[in-house]
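S.K.: Here's a structure for you.
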Amino acid sequence: MTATSLPPSLIRTLPGEHYTDPALFALEQERVFEAMWFCVARSADLAEPGQFRTYQVGRESVLISRSRDGSVKGFLNICRHRGAKLCLEESGEVKRAFQCPYHAWTYGLDGKLVAAPHLTSMPDIDRGEYGLVNVHIREWLGYVWASLADTPPSFEQDVIGAVIERLGDVAAIDNYRIENLEVGRRITYDVKANWKLIVENFMECYHCATIHPELTEVLPEFADGYAAQYYVGHGAEFGEDVQGFTVDGGEGLDRIPGVGEDQDRRYYAITVRPQVFINLVPDHVIFHRLYPMAPDRTVVECDWLYLPHVVESGQDVDRSVELFHRVNQQDFDACERTQPAMSSRAYAKGGVLVPSEHHIGEFHTWLQNKLSA
């Protein structure tokens, strides 16, 4: 069947090569991950000056740290001398400066070159000009977002705008006070699948009745195949006998105070392109960050966020964590089953999307426009 002979109820997906081709993945790294706002860290993980974390953003290693003035700074994790990687660890803490392990060029927490062997004999070196290369940084929802672009896109349009497009207004997410919540559990998944398969899976619920028995018990409307993201402002309602967003539908934890009656007993899902999923329920927030590492590998870091007193008092969050942990495992298993078929001749022209998945076609159009820009 050719693309032009598809019945009106079906639209074509991306061709299989978009999920396997290293050249296309490199183009995505350049024109998507390095060009847009990319969520890297939870701000609270960088609580003190000198604390740092390193992340892969596109083709670059990025160093995120807390400066002495309390602000978060971002730099390319590359020494300006001979290009050695500056920080080799994924996370750590320095007292006053970052020192290259190769030739000991040393940089302050503000990125400025502060010392190097025989530097005093080279008075013509501008220590600012030869400091670390800066990365644009914004903090929102208690997370650090980085843009490697020389001139970053509008954060208000691309990031905050994605939330408004899904919920109808920004006040709807402000009610959850995500920046004031604390991480009660963090799980990192190493998924052997292309990042787009994970995004597409999250955007639709046509699969929910098949692979998510626990989720559809809590959110019965998901069994009908229509994801909450399909409708602006819509939150999937808990089942009549469901008390909380837990693996057994039992009672949850203390409700976040700002959550209104119209948001109570509802689940909202938001996709912030290119690599963030936000899940809102009355007593906690589940925040996914995708780190595309290769055409067939994506690392996903997932935070379960609760009211501070819930975390600090050691309340049992296992039943609420377990629900979406199972959902994650079920989704990622499905993506890993799909990835090998992306190189099959049967998928050379792609697959098809049924009406409840047609909004994924808009994601594909958006991506193709980014790659052709």
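In the structure tokens, chains take the letters A, B, ... in the order shown, each chain's residues start at 1, and ligands count up from 1 in the order shown.
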Dump as JSON lines the rows for residues of segment 3-44 of chain A within 7 Å of segment 294-305 of chain A: closest atom pair and distance in Å with one decimal, only C-alpha atoms counted, ordered by chain and rising residue number.

M.R.:
{"residue": "A:Tyr19", "atom": "CA", "partner": "A:Pro295", "partner_atom": "CA", "distance": 6.2}
{"residue": "A:Thr20", "atom": "CA", "partner": "A:Pro295", "partner_atom": "CA", "distance": 5.3}
{"residue": "A:Asp21", "atom": "CA", "partner": "A:Pro295", "partner_atom": "CA", "distance": 6.7}
{"residue": "A:Pro22", "atom": "CA", "partner": "A:Pro295", "partner_atom": "CA", "distance": 6.1}
{"residue": "A:Phe25", "atom": "CA", "partner": "A:Pro295", "partner_atom": "CA", "distance": 5.8}

S.K.: Selected residues, N, CA, C and O atoms, written as a PDB file, in the first residue's frame, please.

M.R.:
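Result saved to out14.pdb:
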ATOM      1  N   TYR A  19      14.435   6.009  13.051  1.00  0.00           N
ATOM      2  CA  TYR A  19      14.642   5.441  14.380  1.00  0.00           C
ATOM      3  C   TYR A  19      15.958   4.654  14.469  1.00  0.00           C
ATOM      4  O   TYR A  19      16.293   4.142  15.534  1.00  0.00           O
ATOM      5  N   THR A  20      16.683   4.576  13.347  1.00  0.00           N
ATOM      6  CA  THR A  20      17.889   3.739  13.306  1.00  0.00           C
ATOM      7  C   THR A  20      19.102   4.421  12.692  1.00  0.00           C
ATOM      8  O   THR A  20      20.235   4.020  12.989  1.00  0.00           O
ATOM      9  N   ASP A  21      18.916   5.409  11.850  1.00  0.00           N
ATOM     10  CA  ASP A  21      19.998   5.987  11.054  1.00  0.00           C
ATOM     11  C   ASP A  21      20.873   6.906  11.908  1.00  0.00           C
ATOM     12  O   ASP A  21      20.397   7.924  12.417  1.00  0.00           O
ATOM     13  N   PRO A  22      22.170   6.590  12.065  1.00  0.00           N
ATOM     14  CA  PRO A  22      23.068   7.458  12.847  1.00  0.00           C
ATOM     15  C   PRO A  22      23.152   8.872  12.289  1.00  0.00           C
ATOM     16  O   PRO A  22      23.296   9.831  13.068  1.00  0.00           O
ATOM     17  N   PHE A  25      20.106  10.713  13.471  1.00  0.00           N
ATOM     18  CA  PHE A  25      20.243  10.971  14.907  1.00  0.00           C
ATOM     19  C   PHE A  25      21.208  12.133  15.151  1.00  0.00           C
ATOM     20  O   PHE A  25      20.948  12.996  16.001  1.00  0.00           O
TER      21      PHE A  25
END

S.K.: Using backbone DSSP assignments, extract all strand (DSSP E) residues from segment 65-95 of chain A; output them as a list in words.

M.R.: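 Everything in segment 65-95 of chain A that counts as strand (DSSP E) is Ser65, Arg66, Val72, Lys73, Gly74, Phe75, Leu76, Ser91, Gly92 and Glu93 of chain A.
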
S.K.: Output the selection as a PDB file, in the first residue's frame - N, CA, C and O atoms for each residue.

M.R.:
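Final output, saved to result_18.pdb:
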ATOM      1  N   SER A  65      26.524  23.628  37.475  1.00  0.00           N
ATOM      2  CA  SER A  65      26.999  23.777  38.849  1.00  0.00           C
ATOM      3  C   SER A  65      26.341  24.973  39.523  1.00  0.00           C
ATOM      4  O   SER A  65      25.770  25.849  38.860  1.00  0.00           O
ATOM      5  N   ARG A  66      26.437  24.995  40.838  1.00  0.00           N
ATOM      6  CA  ARG A  66      25.942  26.118  41.630  1.00  0.00           C
ATOM      7  C   ARG A  66      27.097  27.055  41.910  1.00  0.00           C
ATOM      8  O   ARG A  66      28.137  26.652  42.418  1.00  0.00           O
ATOM      9  N   VAL A  72      22.653  29.135  39.221  1.00  0.00           N
ATOM     10  CA  VAL A  72      23.106  27.933  38.536  1.00  0.00           C
ATOM     11  C   VAL A  72      23.808  28.358  37.251  1.00  0.00           C
ATOM     12  O   VAL A  72      23.312  29.200  36.502  1.00  0.00           O
ATOM     13  N   LYS A  73      24.964  27.774  37.003  1.00  0.00           N
ATOM     14  CA  LYS A  73      25.742  28.067  35.805  1.00  0.00           C
ATOM     15  C   LYS A  73      25.845  26.815  34.941  1.00  0.00           C
ATOM     16  O   LYS A  73      25.848  25.690  35.458  1.00  0.00           O
ATOM     17  N   GLY A  74      25.960  27.034  33.655  1.00  0.00           N
ATOM     18  CA  GLY A  74      26.148  25.929  32.727  1.00  0.00           C
ATOM     19  C   GLY A  74      27.308  26.207  31.799  1.00  0.00           C
ATOM     20  O   GLY A  74      27.475  27.328  31.310  1.00  0.00           O
ATOM     21  N   PHE A  75      28.134  25.179  31.559  1.00  0.00           N
ATOM     22  CA  PHE A  75      29.306  25.321  30.685  1.00  0.00           C
ATOM     23  C   PHE A  75      29.458  24.049  29.849  1.00  0.00           C
ATOM     24  O   PHE A  75      29.060  22.959  30.271  1.00  0.00           O
ATOM     25  N   LEU A  76      30.070  24.187  28.695  1.00  0.00           N
ATOM     26  CA  LEU A  76      30.528  23.002  28.002  1.00  0.00           C
ATOM     27  C   LEU A  76      31.656  22.403  28.827  1.00  0.00           C
ATOM     28  O   LEU A  76      32.556  23.119  29.281  1.00  0.00           O
ATOM     29  N   SER A  91      28.686  13.390  38.888  1.00  0.00           N
ATOM     30  CA  SER A  91      28.308  14.380  39.884  1.00  0.00           C
ATOM     31  C   SER A  91      29.418  14.475  40.918  1.00  0.00           C
ATOM     32  O   SER A  91      30.269  13.588  41.035  1.00  0.00           O
ATOM     33  N   GLY A  92      29.422  15.573  41.659  1.00  0.00           N
ATOM     34  CA  GLY A  92      30.452  15.755  42.680  1.00  0.00           C
ATOM     35  C   GLY A  92      30.387  17.151  43.261  1.00  0.00           C
ATOM     36  O   GLY A  92      29.406  17.877  43.082  1.00  0.00           O
ATOM     37  N   GLU A  93      31.453  17.521  43.947  1.00  0.00           N
ATOM     38  CA  GLU A  93      31.521  18.840  44.572  1.00  0.00           C
ATOM     39  C   GLU A  93      32.973  19.302  44.612  1.00  0.00           C
ATOM     40  O   GLU A  93      33.871  18.514  44.912  1.00  0.00           O
TER      41      GLU A  93
END

S.K.: As a PyMOL selection string, please: the residues near Ile160 of chain A (cut-off 10 Å, only C-alpha atoms, same-chain neighbours under 5 positions excluded).

M.R.: chain A and resi 140+154-155+165+169-170+173+272

S.K.: List as a ChimeraX atom specification the protein and nucleic acid residues near Ala116 of chain A, meaning an atom at most 12 Å away when only C-alpha atoms are counted, but skip any in the same chain fewer than 5 places from it.

M.R.: /A:79-81,97-108,121-123,125,127,130-131

S.K.: Using only C-alpha atoms, which of A:Ala193, A:Met36, A:Leu6, A:Ala223 sits nearest Tyr206 of chain A?

M.R.: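 Comparing A:Ala193, A:Met36, A:Leu6, A:Ala223 against Tyr206 of chain A, the winner is A:Ala223.
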
S.K.: Point out the residue among A:Arg255, A:Arg265, A:His212, A:Arg185 with the least atom-to-atom distance to Gly235 of chain A, counting only C-alpha atoms.

M.R.: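 When distances to Gly235 of chain A are compared using only C-alpha atoms, the smallest one comes from A:Arg265.
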
S.K.: For Asp316 of chain A, list every protein, DNA or RNA residue within 12 Å, evaluated using only C-alpha atoms, and leave out those in the same chain fewer than 2 positions away; present the list as a JSON list (two decimals) with N, CA and C atoms, in the first residue's frame.

M.R.:
[["chain", "number", "residue", "atom", "x", "y", "z"],
["A", 184, "GLY", "N", 11.00, 12.07, 46.35],
["A", 184, "GLY", "CA", 10.80, 10.94, 47.25],
["A", 184, "GLY", "C", 11.40, 9.67, 46.70],
["A", 185, "ARG", "N", 11.54, 9.60, 45.37],
["A", 185, "ARG", "CA", 12.15, 8.44, 44.73],
["A", 185, "ARG", "C", 12.64, 8.88, 43.34],
["A", 246, "THR", "N", -2.35, 5.04, 43.25],
["A", 246, "THR", "CA", -1.47, 4.02, 43.81],
["A", 246, "THR", "C", -1.67, 2.72, 43.04],
["A", 251, "GLU", "N", -5.62, 4.40, 49.31],
["A", 251, "GLU", "CA", -5.44, 5.79, 49.72],
["A", 251, "GLU", "C", -4.02, 6.29, 49.41],
["A", 252, "GLY", "N", -3.95, 7.52, 48.91],
["A", 252, "GLY", "CA", -2.67, 8.13, 48.62],
["A", 252, "GLY", "C", -2.13, 8.90, 49.81],
["A", 253, "LEU", "N", -1.33, 9.92, 49.53],
["A", 253, "LEU", "CA", -0.71, 10.73, 50.57],
["A", 253, "LEU", "C", -1.40, 12.09, 50.64],
["A", 254, "ASP", "N", -0.86, 13.00, 51.44],
["A", 254, "ASP", "CA", -1.49, 14.31, 51.61],
["A", 254, "ASP", "C", -1.57, 15.06, 50.28],
["A", 306, "TYR", "N", 7.05, 14.80, 46.08],
["A", 306, "TYR", "CA", 6.01, 14.85, 47.12],
["A", 306, "TYR", "C", 6.18, 16.11, 47.97],
["A", 309, "HIS", "N", 7.10, 17.46, 53.82],
["A", 309, "HIS", "CA", 6.92, 16.73, 55.08],
["A", 309, "HIS", "C", 6.69, 15.23, 54.83],
["A", 310, "VAL", "N", 6.17, 14.88, 53.65],
["A", 310, "VAL", "CA", 5.99, 13.46, 53.32],
["A", 310, "VAL", "C", 7.34, 12.78, 53.21],
["A", 311, "VAL", "N", 8.28, 13.45, 52.53],
["A", 311, "VAL", "CA", 9.61, 12.88, 52.33],
["A", 311, "VAL", "C", 10.40, 12.90, 53.64],
["A", 312, "GLU", "N", 10.38, 14.04, 54.33],
["A", 312, "GLU", "CA", 11.20, 14.20, 55.53],
["A", 312, "GLU", "C", 10.76, 13.30, 56.68],
["A", 313, "SER", "N", 9.46, 12.97, 56.73],
["A", 313, "SER", "CA", 8.95, 12.11, 57.81],
["A", 313, "SER", "C", 9.10, 10.63, 57.50],
["A", 314, "GLY", "N", 9.57, 10.33, 56.28],
["A", 314, "GLY", "CA", 9.78, 8.94, 55.92],
["A", 314, "GLY", "C", 8.51, 8.17, 55.63],
["A", 318, "ASP", "N", 5.88, 3.78, 48.58],
["A", 318, "ASP", "CA", 6.07, 2.65, 47.69],
["A", 318, "ASP", "C", 4.87, 2.40, 46.78],
["A", 319, "ARG", "N", 3.66, 2.47, 47.31],
["A", 319, "ARG", "CA", 2.50, 2.12, 46.49],
["A", 319, "ARG", "C", 2.25, 3.15, 45.40],
["A", 320, "SER", "N", 2.55, 4.42, 45.67],
["A", 320, "SER", "CA", 2.38, 5.43, 44.62],
["A", 320, "SER", "C", 3.51, 5.35, 43.61],
["A", 321, "VAL", "N", 4.73, 5.06, 44.05],
["A", 321, "VAL", "CA", 5.84, 4.89, 43.13],
["A", 321, "VAL", "C", 5.61, 3.66, 42.25],
["A", 322, "GLU", "N", 5.15, 2.59, 42.85],
["A", 322, "GLU", "CA", 5.03, 1.32, 42.13],
["A", 322, "GLU", "C", 4.08, 1.41, 40.94]]

S.K.: Using DSSP on the backbone coordinates, identify all residues within segment 9-247 of chain A classified as alpha helix (DSSP H); present the result as a VMD selection string.

M.R.: chain A and resid 22 to 28 155 161 to 167 171 to 174 195 to 203 208 to 211 213 to 218

S.K.: So the first atom is atom CA of Asn369 of chain A and the second is atom CA of Glu34 of chain A; what is the distance between them in Å, to one decimal place?

M.R.: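 Taking atom CA of Asn369 of chain A as the start and atom CA of Glu34 of chain A as the end point, the length is 15.5 Å.
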
S.K.: Quick check, in Å to one decimal: how far apart do atom CA of Phe238 of chain A and atom CA of Leu219 of chain A lie?

M.R.: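 Between atom CA of Phe238 of chain A and atom CA of Leu219 of chain A the gap is 5.0 Å.
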
S.K.: Choose the residue, out of A:Leu181, A:Ile78, A:Leu132, A:Met203, that has the smallest atom-to-atom separation from Glu357 of chain A; count only C-alpha atoms.

M.R.: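 Answer, going by the shortest atom-to-atom distance: A:Met203.
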